[in-house]
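As provided, entry26.cif (mmCIF, C-alpha atoms) reads as follows.
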```cif
data_target
#
loop_
_atom_site.label_atom_id
_atom_site.label_comp_id
_atom_site.auth_asym_id
_atom_site.auth_seq_id
_atom_site.Cartn_x
_atom_site.Cartn_y
_atom_site.Cartn_z
CA MET E 1 -138.12 -63.80 132.39
CA SER E 2 -138.91 -67.19 130.87
CA GLU E 3 -136.14 -68.94 128.95
CA TYR E 4 -138.58 -69.14 126.04
CA PRO E 5 -140.83 -66.06 126.06
CA SER E 6 -144.35 -66.56 124.74
CA LEU E 7 -145.37 -64.92 121.49
CA LYS E 8 -147.96 -62.87 123.36
CA ASN E 9 -145.43 -61.50 125.85
CA TYR E 10 -142.81 -60.88 123.18
CA LEU E 11 -145.24 -58.87 121.07
CA ALA E 12 -146.49 -56.91 124.07
CA ASP E 13 -142.93 -55.85 124.91
CA TRP E 14 -142.24 -54.98 121.27
CA ALA E 15 -145.44 -52.97 120.81
CA GLY E 16 -144.99 -50.71 123.83
CA ASP E 17 -147.22 -47.64 123.51
CA SER E 18 -147.27 -47.59 119.70
CA GLU E 19 -150.76 -47.89 118.17
CA THR E 20 -149.37 -49.23 114.89
CA ARG E 21 -147.25 -51.85 116.63
CA ALA E 22 -150.20 -52.83 118.82
CA ALA E 23 -152.32 -53.37 115.69
CA VAL E 24 -149.59 -55.49 114.08
CA SER E 25 -149.21 -57.51 117.29
CA GLN E 26 -152.93 -58.15 117.54
CA THR E 27 -153.01 -59.29 113.93
CA ILE E 28 -150.08 -61.66 114.36
CA GLU E 29 -151.70 -63.15 117.45
CA ALA E 30 -154.93 -63.71 115.51
CA ILE E 31 -153.06 -65.40 112.65
CA ALA E 32 -151.13 -67.53 115.14
CA ALA E 33 -154.36 -68.65 116.83
CA ALA E 34 -155.79 -69.76 113.47
CA CYS E 35 -152.56 -71.59 112.69
CA VAL E 36 -152.77 -73.52 115.96
CA GLU E 37 -156.10 -74.89 114.69
CA ILE E 38 -154.64 -75.66 111.26
CA SER E 39 -151.71 -77.42 112.93
CA ALA E 40 -154.08 -79.66 114.86
CA LEU E 41 -155.87 -80.63 111.64
CA VAL E 42 -152.61 -81.36 109.82
CA ALA E 43 -151.40 -83.49 112.75
CA ARG E 44 -154.58 -85.59 112.70
CA GLY E 45 -154.21 -86.28 109.00
CA PRO E 46 -156.83 -88.72 107.67
CA LEU E 47 -158.42 -88.87 111.13
CA ALA E 48 -159.65 -85.32 110.42
CA GLY E 49 -161.15 -86.34 107.06
CA GLU E 50 -159.95 -86.32 103.47
CA LEU E 51 -157.86 -83.18 103.80
CA GLY E 52 -156.08 -83.83 100.50
CA ALA E 53 -159.27 -84.29 98.50
CA GLU E 54 -159.48 -82.06 95.43
CA GLN E 55 -162.13 -79.32 95.64
CA GLY E 56 -161.77 -77.64 92.24
CA ASP E 57 -159.37 -74.90 91.12
CA ASN E 58 -158.57 -71.45 92.47
CA VAL E 59 -158.55 -68.25 90.40
CA ASP E 60 -155.10 -69.08 88.99
CA GLY E 61 -156.06 -72.58 87.93
CA ASP E 62 -154.20 -74.35 90.73
CA THR E 63 -155.93 -77.34 92.27
CA GLN E 64 -157.54 -76.60 95.62
CA LYS E 65 -157.45 -79.24 98.33
CA ALA E 66 -159.99 -79.54 101.14
CA LEU E 67 -157.47 -78.26 103.67
CA ASP E 68 -156.73 -75.23 101.47
CA LEU E 69 -160.31 -74.08 101.90
CA ILE E 70 -160.52 -74.99 105.59
CA ALA E 71 -157.32 -73.05 106.30
CA ASN E 72 -158.61 -70.09 104.31
CA ASP E 73 -161.84 -70.02 106.33
CA LEU E 74 -159.92 -70.19 109.62
CA ILE E 75 -157.69 -67.27 108.64
CA ILE E 76 -160.66 -65.15 107.54
CA GLU E 77 -162.51 -65.90 110.78
CA ALA E 78 -159.46 -64.90 112.81
CA MET E 79 -159.10 -61.60 110.93
CA HIS E 80 -162.52 -60.47 112.10
CA ASN E 81 -160.96 -60.20 115.57
CA ALA E 82 -158.01 -58.13 114.34
CA PRO E 83 -157.58 -54.53 113.06
CA VAL E 84 -157.59 -55.71 109.45
CA ALA E 85 -159.51 -53.87 106.75
CA CYS E 86 -159.03 -56.34 103.95
CA LEU E 87 -157.61 -59.78 103.24
CA VAL E 88 -156.08 -61.06 100.02
CA SER E 89 -155.81 -64.84 99.80
CA GLU E 90 -154.59 -67.29 97.21
CA GLU E 91 -157.96 -69.00 97.56
CA LEU E 92 -160.06 -65.88 96.85
CA GLU E 93 -160.48 -64.22 93.46
CA GLU E 94 -161.04 -60.77 94.97
CA PRO E 95 -159.94 -59.09 98.21
CA SER E 96 -162.22 -59.87 101.13
CA THR E 97 -163.42 -56.88 103.15
CA ILE E 98 -163.04 -57.60 106.86
CA ASN E 99 -163.24 -54.50 109.11
CA LYS E 100 -163.73 -51.28 107.14
CA GLY E 101 -161.53 -48.44 108.27
CA ALA E 102 -159.04 -50.70 110.07
CA PRO E 103 -155.36 -49.74 109.68
CA LEU E 104 -153.96 -52.96 108.21
CA PHE E 105 -154.16 -55.26 105.19
CA VAL E 106 -153.19 -58.93 105.27
CA THR E 107 -152.18 -61.13 102.36
CA THR E 108 -151.93 -64.89 102.79
CA ASP E 109 -151.36 -68.26 101.26
CA PRO E 110 -153.42 -70.19 103.81
CA LEU E 111 -151.83 -73.54 103.01
CA ASP E 112 -148.65 -73.49 100.98
CA GLY E 113 -147.49 -76.85 99.62
CA SER E 114 -150.91 -78.47 99.77
CA SER E 115 -149.93 -80.99 97.08
CA ASN E 116 -147.88 -82.61 99.86
CA ILE E 117 -150.77 -83.12 102.28
CA ASP E 118 -151.19 -86.83 101.57
CA THR E 119 -147.42 -87.50 101.59
CA ASN E 120 -146.90 -86.13 105.13
CA VAL E 121 -144.38 -83.54 103.93
CA SER E 122 -144.25 -80.16 105.68
CA VAL E 123 -146.81 -77.57 104.56
CA GLY E 124 -147.41 -74.09 105.91
CA THR E 125 -149.28 -70.80 106.11
CA ILE E 126 -147.64 -67.64 104.73
CA PHE E 127 -148.71 -64.11 105.66
CA SER E 128 -147.81 -60.48 105.07
CA ILE E 129 -149.04 -57.42 106.95
CA LEU E 130 -149.16 -53.98 105.29
CA PRO E 131 -150.62 -50.58 106.17
CA THR E 132 -153.83 -49.48 104.48
CA GLY E 133 -152.33 -46.12 103.54
CA GLN E 134 -154.39 -43.01 102.89
CA ASN E 135 -157.19 -44.75 101.05
CA GLY E 136 -158.08 -47.69 103.26
CA GLU E 137 -161.52 -48.13 101.69
CA ASP E 138 -160.00 -48.92 98.29
CA PRO E 139 -158.70 -52.51 97.94
CA CYS E 140 -156.38 -51.25 95.20
CA CYS E 141 -154.27 -49.51 97.82
CA LEU E 142 -153.15 -53.02 98.72
CA LEU E 143 -150.94 -52.96 95.62
CA GLN E 144 -147.83 -51.93 97.52
CA ALA E 145 -144.24 -53.02 97.06
CA GLY E 146 -142.89 -55.54 99.54
CA LYS E 147 -140.63 -52.93 101.12
CA GLU E 148 -143.81 -51.43 102.65
CA GLN E 149 -144.49 -54.55 104.73
CA LEU E 150 -144.81 -54.01 108.46
CA ALA E 151 -144.41 -57.68 109.31
CA ALA E 152 -144.40 -61.05 107.58
CA GLY E 153 -143.92 -64.70 108.31
CA TYR E 154 -145.04 -68.25 107.96
CA VAL E 155 -146.12 -71.13 110.13
CA ILE E 156 -144.66 -74.49 109.12
CA TYR E 157 -146.49 -77.69 110.04
CA GLY E 158 -143.85 -80.40 110.25
CA PRO E 159 -142.45 -82.70 112.96
CA ARG E 160 -142.93 -79.58 115.08
CA THR E 161 -144.98 -76.50 114.31
CA ALA E 162 -143.01 -73.25 114.15
CA LEU E 163 -143.86 -69.61 113.50
CA VAL E 164 -141.08 -67.77 111.70
CA MET E 165 -141.60 -64.02 111.47
CA THR E 166 -140.02 -60.63 111.05
CA LEU E 167 -141.11 -57.28 112.40
CA GLY E 168 -138.46 -55.50 110.38
CA GLU E 169 -135.86 -56.02 113.12
CA GLY E 170 -134.41 -59.41 112.22
CA THR E 171 -135.96 -62.84 111.71
CA MET E 172 -136.98 -65.07 114.61
CA ALA E 173 -138.67 -68.41 115.20
CA PHE E 174 -141.25 -69.47 117.76
CA THR E 175 -142.01 -73.14 118.41
CA LEU E 176 -145.54 -74.30 119.25
CA ASP E 177 -145.76 -76.08 122.60
CA PRO E 178 -148.55 -78.63 122.00
CA ARG E 179 -149.18 -78.91 125.74
CA THR E 180 -150.08 -75.26 126.21
CA ARG E 181 -150.92 -74.39 122.57
CA GLU E 182 -148.59 -71.39 122.88
CA PHE E 183 -145.82 -70.29 120.55
CA ARG E 184 -142.54 -69.70 122.40
CA LEU E 185 -139.42 -67.92 121.15
CA THR E 186 -136.71 -70.48 120.40
CA ARG E 187 -134.52 -68.72 117.79
CA PRO E 188 -134.37 -64.97 118.52
CA ALA E 189 -131.94 -63.98 115.77
CA ILE E 190 -131.70 -66.14 112.64
CA ALA E 191 -128.73 -65.52 110.37
CA ILE E 192 -128.35 -67.20 106.97
CA LYS E 193 -124.85 -68.32 106.07
CA PRO E 194 -123.60 -66.11 103.21
CA ASP E 195 -122.04 -69.03 101.31
CA THR E 196 -123.54 -72.37 100.40
CA THR E 197 -123.04 -75.53 98.36
CA GLU E 198 -126.72 -76.49 98.27
CA PHE E 199 -129.31 -75.44 95.71
CA ALA E 200 -132.99 -76.28 95.25
CA ILE E 201 -134.67 -76.33 91.85
CA ASN E 202 -137.11 -78.58 90.02
CA SER E 203 -134.65 -80.13 87.58
CA SER E 204 -137.43 -81.91 85.66
CA ASN E 205 -138.03 -78.55 83.98
CA ALA E 206 -134.43 -78.16 82.82
CA ARG E 207 -135.36 -78.31 79.12
CA GLN E 208 -137.72 -75.36 79.70
CA TRP E 209 -135.22 -73.01 81.37
CA ASP E 210 -133.53 -70.06 79.71
CA GLY E 211 -129.78 -69.97 79.26
CA HIS E 212 -129.10 -68.07 82.47
CA ILE E 213 -130.50 -70.78 84.73
CA ARG E 214 -129.25 -73.67 82.59
CA ALA E 215 -125.71 -72.31 82.69
CA TYR E 216 -125.78 -71.79 86.47
CA VAL E 217 -127.13 -75.29 87.17
CA ASP E 218 -124.79 -76.91 84.62
CA ASP E 219 -121.83 -75.27 86.33
CA CYS E 220 -123.06 -76.39 89.75
CA LEU E 221 -123.35 -79.96 88.50
CA GLU E 222 -119.74 -79.89 87.30
CA GLY E 223 -118.77 -79.71 90.96
CA GLU E 224 -115.18 -79.03 91.90
CA ASP E 225 -114.14 -79.36 88.25
CA GLY E 226 -116.46 -76.52 87.24
CA PRO E 227 -116.07 -72.74 87.51
CA HIS E 228 -117.43 -72.65 91.07
CA GLY E 229 -114.74 -75.08 92.22
CA THR E 230 -117.01 -76.87 94.69
CA ASN E 231 -119.35 -79.84 94.90
CA TYR E 232 -123.03 -79.02 95.34
CA ASN E 233 -125.97 -80.90 96.78
CA MET E 234 -129.39 -80.49 95.15
CA ARG E 235 -132.74 -80.41 96.96
CA TRP E 236 -136.40 -80.02 95.96
CA ILE E 237 -139.38 -80.34 98.34
CA ALA E 238 -142.10 -78.52 96.36
CA SER E 239 -143.18 -76.67 99.51
CA LEU E 240 -142.05 -73.05 99.66
CA VAL E 241 -142.17 -72.84 103.46
CA ALA E 242 -140.17 -76.07 103.79
CA GLU E 243 -137.55 -74.81 101.31
CA CYS E 244 -137.32 -71.48 103.16
CA HIS E 245 -137.13 -73.18 106.55
CA ARG E 246 -134.19 -75.31 105.41
CA ILE E 247 -132.35 -72.24 104.10
CA LEU E 248 -132.94 -70.35 107.35
CA ALA E 249 -131.55 -73.37 109.22
CA ARG E 250 -128.41 -74.07 107.20
CA GLY E 251 -128.15 -71.78 104.19
CA GLY E 252 -128.73 -72.59 100.54
CA ILE E 253 -130.43 -71.14 97.49
CA PHE E 254 -133.91 -71.73 96.06
CA LEU E 255 -134.71 -71.09 92.41
CA TYR E 256 -138.14 -70.97 90.77
CA PRO E 257 -137.45 -69.16 87.49
CA GLY E 258 -139.81 -68.39 84.66
CA ASP E 259 -139.55 -70.77 81.72
CA ILE E 260 -140.93 -71.36 78.23
CA ARG E 261 -144.00 -73.38 79.25
CA GLN E 262 -147.36 -71.76 78.68
CA GLY E 263 -148.26 -69.72 81.74
CA TYR E 264 -144.78 -69.92 83.24
CA ALA E 265 -143.01 -67.06 81.45
CA THR E 266 -143.19 -64.84 84.52
CA GLY E 267 -142.79 -67.62 87.07
CA ARG E 268 -145.46 -69.29 89.19
CA LEU E 269 -145.01 -67.91 92.70
CA ARG E 270 -147.34 -65.08 93.69
CA LEU E 271 -145.66 -61.78 94.49
CA MET E 272 -147.95 -60.46 97.19
CA TYR E 273 -148.58 -63.45 99.43
CA GLU E 274 -145.66 -65.78 98.68
CA CYS E 275 -142.63 -63.89 97.36
CA ASN E 276 -142.85 -60.66 99.35
CA PRO E 277 -143.21 -62.22 102.82
CA ILE E 278 -140.51 -64.81 102.13
CA ALA E 279 -138.22 -62.10 100.73
CA PHE E 280 -138.75 -59.97 103.85
CA LEU E 281 -137.85 -62.89 106.11
CA ILE E 282 -134.80 -63.79 104.04
CA GLU E 283 -133.43 -60.25 103.86
CA GLN E 284 -133.94 -59.71 107.57
CA ALA E 285 -131.88 -62.86 108.16
CA GLY E 286 -129.02 -61.53 106.01
CA GLY E 287 -129.93 -63.26 102.76
CA ALA E 288 -131.17 -61.93 99.43
CA ALA E 289 -134.26 -62.39 97.24
CA THR E 290 -134.41 -61.48 93.55
CA THR E 291 -136.04 -62.30 90.23
CA GLY E 292 -132.53 -62.61 88.84
CA THR E 293 -132.56 -59.02 87.69
CA GLN E 294 -134.55 -57.13 90.34
CA ARG E 295 -134.90 -57.13 94.12
CA ILE E 296 -138.22 -58.79 94.96
CA MET E 297 -139.34 -56.20 97.49
CA ASP E 298 -138.84 -53.31 95.06
CA ILE E 299 -141.43 -54.64 92.59
CA GLU E 300 -144.62 -52.57 92.34
CA PRO E 301 -147.46 -55.10 91.97
CA GLN E 302 -149.97 -54.62 89.19
CA GLN E 303 -152.54 -57.12 90.41
CA ILE E 304 -153.15 -59.10 93.59
CA HIS E 305 -152.42 -62.52 92.07
CA GLU E 306 -149.38 -61.42 90.04
CA ARG E 307 -146.71 -64.08 89.51
CA ILE E 308 -142.96 -63.54 89.33
CA PRO E 309 -139.76 -65.60 89.14
CA MET E 310 -138.06 -66.01 92.52
CA ILE E 311 -134.52 -66.78 93.64
CA PHE E 312 -133.58 -66.46 97.31
CA GLY E 313 -131.16 -67.63 99.95
CA SER E 314 -127.50 -67.21 100.89
CA ILE E 315 -126.48 -63.77 99.70
CA HIS E 316 -123.26 -64.70 97.90
CA GLU E 317 -124.97 -67.47 95.94
CA VAL E 318 -127.87 -65.20 94.97
CA GLU E 319 -125.36 -62.60 93.77
CA LEU E 320 -123.63 -65.33 91.77
CA VAL E 321 -126.89 -66.19 89.98
CA GLU E 322 -127.44 -62.49 89.26
CA LYS E 323 -124.06 -62.49 87.50
CA TYR E 324 -125.33 -65.25 85.22
CA TYR E 325 -128.34 -63.10 84.35
CA ALA E 326 -126.11 -60.11 83.69
CA GLY E 327 -123.53 -62.06 81.66
CA LEU E 328 -125.49 -64.58 79.61
CA ASN E 329 -128.12 -64.23 76.92
CA PRO E 330 -131.16 -66.56 76.82
CA SER E 331 -129.72 -68.68 73.98
CA HIS E 332 -127.09 -70.01 76.42
CA GLU E 333 -124.16 -68.43 74.61
CA ARG E 334 -121.35 -67.65 77.01
CA PRO E 335 -119.43 -64.38 76.74
CA GLN E 336 -115.65 -64.50 77.02
CA LEU E 337 -115.79 -64.23 80.82
CA PHE E 338 -117.55 -67.57 81.03
CA LYS E 339 -115.67 -69.23 78.15
CA ASN E 340 -112.49 -68.76 80.14
CA ARG E 341 -114.19 -70.31 83.18
CA THR E 342 -113.08 -67.42 85.35
CA LEU E 343 -116.36 -66.60 87.09
CA LEU E 344 -115.36 -66.23 90.71
CA ARG E 345 -117.44 -66.40 93.83
CA HIS E 346 -117.22 -63.83 96.59
#
```

Since I need it in another form, could you write the structure as structure tokens?
Amino acid sequence: MSEYPSLKNYLADWAGDSETRAAVSQTIEAIAAACVEISALVARGPLAGELGAEQGDNVDGDTQKALDLIANDLIIEAMHNAPVACLVSEELEEPSTINKGAPLFVTTDPLDGSSNIDTNVSVGTIFSILPTGQNGEDPCCLLQAGKEQLAAGYVIYGPRTALVMTLGEGTMAFTLDPRTREFRLTRPAIAIKPDTTEFAINSSNARQWDGHIRAYVDDCLEGEDGPHGTNYNMRWIASLVAECHRILARGGIFLYPGDIRQGYATGRLRLMYECNPIAFLIEQAGGAATTGTQRIMDIEPQQIHERIPMIFGSIHEVELVEKYYAGLNPSHERPQLFKNRTLLRH
């Protein structure tokens, strides 16, 4: 057996004689093939054209870049060669019918972090695979909680291109070999450290946060003199896949809460094609993903482009943030527990 098994061989061994697993494997291979093409475009940068040029707005009002639309088209094209009934994409207002009667649905953010295209910061493709259920002809049956996912992952386009995925049996990473254009298994069992001293949040929005998040961040910034008794580092990349990749590599916590700005009350990340697949990956690696008050993968979606707050990463730090939500009201008044500075970590 090769030291670094290919994605194709790994999936073949995993699928065995199962029809469902074979369908999932075929779909992942199709997504991976599209992502190899996207990776080549990202690597060429301006030599491939003005990939960062604005092309209007998507259904949620976010600016679309040229590469957003190219990536979306490549994913859709790939799905026609997979057992996928329907595709939901950040770049499409409505679900796209692919192969009627097929057993799977796919949700995707074809190019996460596209605002970073021109700055040469890592971007990626996020995907989630779900069963069609009993009513595969009805796109509404796509509105399933994240716990129903059969597989999920992302491809990150950085100094090297990597596919990080879960099949519900742990989280693993495959690295793209540019010589053979094959993904090969390089991290078979990713485990997130349960403790961390690193958090990622867009601190420019601090004045917009509610008291729960302000109190947590304030206490982190007090370092070893604060209630956590430790010095923290702060990060912010503005690319969900890059933030997740860092946490899978060395632990940490990522916070994108709702805030008081118009349109941000329920957060900005999309439940079905951003939060659910990332939450699946994180949980399968031993971490946790929450809104602050609810497990991400327990949420029953009400619409395909629904937005929610998201906090994920090292499990003990996520649990610590949940204590802030349970013990603080939005006006930032601390109950006696916090006034005495006795909040303890695990």

- Query: Taking into account only C-alpha atoms, which residue in the set E:His80, E:Lys193, E:Arg44, E:His212 is nearest to Arg246 (chain E)?
  - Reply: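 Closest to Arg246 (chain E), using only C-alpha atoms: E:Lys193.
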
Interatomic distance between CA of Ala23 (chain E) and CA of Leu104 (chain E)?
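One can read the CA of Ala23 (chain E) to CA of Leu104 (chain E) distance as 7.7 Å.
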
Spatial neighbours of Asn202 (chain E), 12 Å, all atoms listed in the file, chain gap at least 4 places, as a PDB file with C-alpha atoms, in the coordinates of the input:
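So around-v6.pdb came out as:
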```pdb
ATOM      1  CA  ALA E 206    -134.430 -78.160  82.820  1.00  0.00           C
ATOM      2  CA  ARG E 207    -135.360 -78.310  79.120  1.00  0.00           C
ATOM      3  CA  GLN E 208    -137.720 -75.360  79.700  1.00  0.00           C
ATOM      4  CA  TRP E 209    -135.220 -73.010  81.370  1.00  0.00           C
ATOM      5  CA  ILE E 213    -130.500 -70.780  84.730  1.00  0.00           C
ATOM      6  CA  ARG E 214    -129.250 -73.670  82.590  1.00  0.00           C
ATOM      7  CA  VAL E 217    -127.130 -75.290  87.170  1.00  0.00           C
ATOM      8  CA  MET E 234    -129.390 -80.490  95.150  1.00  0.00           C
ATOM      9  CA  ARG E 235    -132.740 -80.410  96.960  1.00  0.00           C
ATOM     10  CA  TRP E 236    -136.400 -80.020  95.960  1.00  0.00           C
ATOM     11  CA  ILE E 237    -139.380 -80.340  98.340  1.00  0.00           C
ATOM     12  CA  ALA E 238    -142.100 -78.520  96.360  1.00  0.00           C
ATOM     13  CA  SER E 239    -143.180 -76.670  99.510  1.00  0.00           C
ATOM     14  CA  GLU E 243    -137.550 -74.810 101.310  1.00  0.00           C
ATOM     15  CA  PHE E 254    -133.910 -71.730  96.060  1.00  0.00           C
ATOM     16  CA  LEU E 255    -134.710 -71.090  92.410  1.00  0.00           C
ATOM     17  CA  TYR E 256    -138.140 -70.970  90.770  1.00  0.00           C
ATOM     18  CA  PRO E 257    -137.450 -69.160  87.490  1.00  0.00           C
ATOM     19  CA  GLY E 258    -139.810 -68.390  84.660  1.00  0.00           C
ATOM     20  CA  ASP E 259    -139.550 -70.770  81.720  1.00  0.00           C
TER      21      ASP E 259
END
```

- Item | Ground truth for the PyMOL selection byres ((chain E and resi 284-286) around 10), written as a list in words |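 Those residues are Met165, Thr166, Leu167, Gly168, Glu169, Gly170, Thr171, Met172, Ala189, Ile190, Ala191, Ile192, Lys193, Pro194, Leu248, Ile278, Ala279, Phe280, Leu281, Ile282, Glu283, Gly287, Ala288, Gly313, Ser314 and Ile315 of chain E.
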
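The space separating CA of Thr230 (chain E) from CA of His316 (chain E) comes to 14.1 Å.
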
Å distance separating CA of Thr161 (chain E) from CA of Ser39 (chain E), one decimal place:
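Computed distance, CA of Thr161 (chain E) to CA of Ser39 (chain E), equals 6.9 Å.
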
**Q.** Residue among E:Arg181, E:Arg270, E:Arg261, E:Lys65 lying closest to Gln302 (chain E), counting all atoms listed in the file
**A.**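 Ranking E:Arg181, E:Arg270, E:Arg261, E:Lys65 by distance to Gln302 (chain E), first place goes to E:Arg270.
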
For Ile296 (chain E), please output as a PyMOL selection string all residues within 10 Å (counting all atoms listed in the file; exclusion window: fewer than 5 positions along the same chain). chain E and resi 145-147+271+275-280+288-291+308-312

Which residues would end up in the selection if the PyMOL selection byres ((chain E and resi 174) around 6) were applied here, given that I need the answer as a PyMOL selection string? chain E and resi 162-163+173+175+183-186

Notebook entry, point to check: Using all atoms listed in the file, which residue out of E:Thr132, E:Thr119, E:Ser25, E:Ser114 lies closest to Gly101 (chain E)?
Noted result: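 Closest to Gly101 (chain E) of all the choices is E:Thr132.
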
**Request:** Skip Leu111 (chain E) itself and residues of its chain fewer than 3 positions away, then list as a ChimeraX atom specification all residues within 12 Å of it, counting only C-alpha atoms.
**Result:** /E:34-35,38-39,41-42,51-52,64-75,89-91,108,114-117,122-127,154-157,239-242,273-274

What residues come out when you apply the PyMOL selection byres ((chain E and resi 324) around 9) to this file, written as a list in words?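 Going through the file, the PyMOL selection byres ((chain E and resi 324) around 9) ends up selecting Gly211, His212, Ile213, Ala215, Tyr216, Gly292, Glu319, Leu320, Val321, Glu322, Lys323, Tyr325, Ala326, Gly327, Leu328 and Asn329 of chain E.
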
Written record: region 283-303 of chain E, N, CA and C atoms, as a PDB file, in the first residue's frame:
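And here is the file that came out, result_23.pdb:
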```
ATOM      1  N   GLU E 283     -16.411  18.812  14.745  1.00  0.00           N
ATOM      2  CA  GLU E 283     -16.848  17.821  15.728  1.00  0.00           C
ATOM      3  C   GLU E 283     -16.152  16.477  15.518  1.00  0.00           C
ATOM      4  N   GLN E 284     -15.987  16.092  14.269  1.00  0.00           N
ATOM      5  CA  GLN E 284     -15.336  14.816  13.988  1.00  0.00           C
ATOM      6  C   GLN E 284     -13.849  14.833  14.348  1.00  0.00           C
ATOM      7  N   ALA E 285     -13.296  16.036  14.522  1.00  0.00           N
ATOM      8  CA  ALA E 285     -11.904  16.176  14.952  1.00  0.00           C
ATOM      9  C   ALA E 285     -11.802  16.412  16.457  1.00  0.00           C
ATOM     10  N   GLY E 286     -12.936  16.304  17.174  1.00  0.00           N
ATOM     11  CA  GLY E 286     -12.918  16.438  18.622  1.00  0.00           C
ATOM     12  C   GLY E 286     -13.198  17.832  19.138  1.00  0.00           C
ATOM     13  N   GLY E 287     -13.559  18.745  18.247  1.00  0.00           N
ATOM     14  CA  GLY E 287     -13.896  20.103  18.658  1.00  0.00           C
ATOM     15  C   GLY E 287     -15.391  20.280  18.834  1.00  0.00           C
ATOM     16  N   ALA E 288     -15.829  21.534  18.889  1.00  0.00           N
ATOM     17  CA  ALA E 288     -17.247  21.834  19.073  1.00  0.00           C
ATOM     18  C   ALA E 288     -17.623  23.031  18.215  1.00  0.00           C
ATOM     19  N   ALA E 289     -18.902  23.104  17.832  1.00  0.00           N
ATOM     20  CA  ALA E 289     -19.412  24.209  17.018  1.00  0.00           C
ATOM     21  C   ALA E 289     -20.797  24.587  17.523  1.00  0.00           C
ATOM     22  N   THR E 290     -20.999  25.865  17.820  1.00  0.00           N
ATOM     23  CA  THR E 290     -22.220  26.325  18.468  1.00  0.00           C
ATOM     24  C   THR E 290     -22.560  27.733  17.998  1.00  0.00           C
ATOM     25  N   THR E 291     -23.799  28.138  18.261  1.00  0.00           N
ATOM     26  CA  THR E 291     -24.180  29.536  18.072  1.00  0.00           C
ATOM     27  C   THR E 291     -23.876  30.349  19.327  1.00  0.00           C
ATOM     28  N   GLY E 292     -23.470  29.668  20.368  1.00  0.00           N
ATOM     29  CA  GLY E 292     -23.323  30.242  21.697  1.00  0.00           C
ATOM     30  C   GLY E 292     -24.351  29.671  22.642  1.00  0.00           C
ATOM     31  N   THR E 293     -25.485  29.274  22.058  1.00  0.00           N
ATOM     32  CA  THR E 293     -26.565  28.702  22.865  1.00  0.00           C
ATOM     33  C   THR E 293     -27.094  27.386  22.306  1.00  0.00           C
ATOM     34  N   GLN E 294     -26.679  27.004  21.102  1.00  0.00           N
ATOM     35  CA  GLN E 294     -27.218  25.804  20.463  1.00  0.00           C
ATOM     36  C   GLN E 294     -26.162  25.161  19.580  1.00  0.00           C
ATOM     37  N   ARG E 295     -26.100  23.823  19.624  1.00  0.00           N
ATOM     38  CA  ARG E 295     -25.218  23.088  18.729  1.00  0.00           C
ATOM     39  C   ARG E 295     -25.611  23.374  17.283  1.00  0.00           C
ATOM     40  N   ILE E 296     -24.625  23.707  16.459  1.00  0.00           N
ATOM     41  CA  ILE E 296     -24.891  24.068  15.066  1.00  0.00           C
ATOM     42  C   ILE E 296     -25.650  22.965  14.343  1.00  0.00           C
ATOM     43  N   MET E 297     -25.207  21.731  14.472  1.00  0.00           N
ATOM     44  CA  MET E 297     -25.765  20.660  13.650  1.00  0.00           C
ATOM     45  C   MET E 297     -27.133  20.178  14.111  1.00  0.00           C
ATOM     46  N   ASP E 298     -27.654  20.750  15.200  1.00  0.00           N
ATOM     47  CA  ASP E 298     -29.015  20.444  15.626  1.00  0.00           C
ATOM     48  C   ASP E 298     -30.044  21.415  15.052  1.00  0.00           C
ATOM     49  N   ILE E 299     -29.596  22.483  14.427  1.00  0.00           N
ATOM     50  CA  ILE E 299     -30.513  23.523  13.938  1.00  0.00           C
ATOM     51  C   ILE E 299     -31.279  23.018  12.712  1.00  0.00           C
ATOM     52  N   GLU E 300     -32.587  23.161  12.747  1.00  0.00           N
ATOM     53  CA  GLU E 300     -33.432  22.806  11.604  1.00  0.00           C
ATOM     54  C   GLU E 300     -33.538  24.039  10.698  1.00  0.00           C
ATOM     55  N   PRO E 301     -32.950  24.005   9.509  1.00  0.00           N
ATOM     56  CA  PRO E 301     -32.978  25.184   8.638  1.00  0.00           C
ATOM     57  C   PRO E 301     -34.381  25.512   8.156  1.00  0.00           C
ATOM     58  N   GLN E 302     -34.635  26.799   8.019  1.00  0.00           N
ATOM     59  CA  GLN E 302     -35.923  27.277   7.530  1.00  0.00           C
ATOM     60  C   GLN E 302     -35.854  27.731   6.077  1.00  0.00           C
ATOM     61  N   GLN E 303     -34.670  28.024   5.610  1.00  0.00           N
ATOM     62  CA  GLN E 303     -34.476  28.425   4.219  1.00  0.00           C
ATOM     63  C   GLN E 303     -33.042  28.109   3.817  1.00  0.00           C
TER      64      GLN E 303
END
```
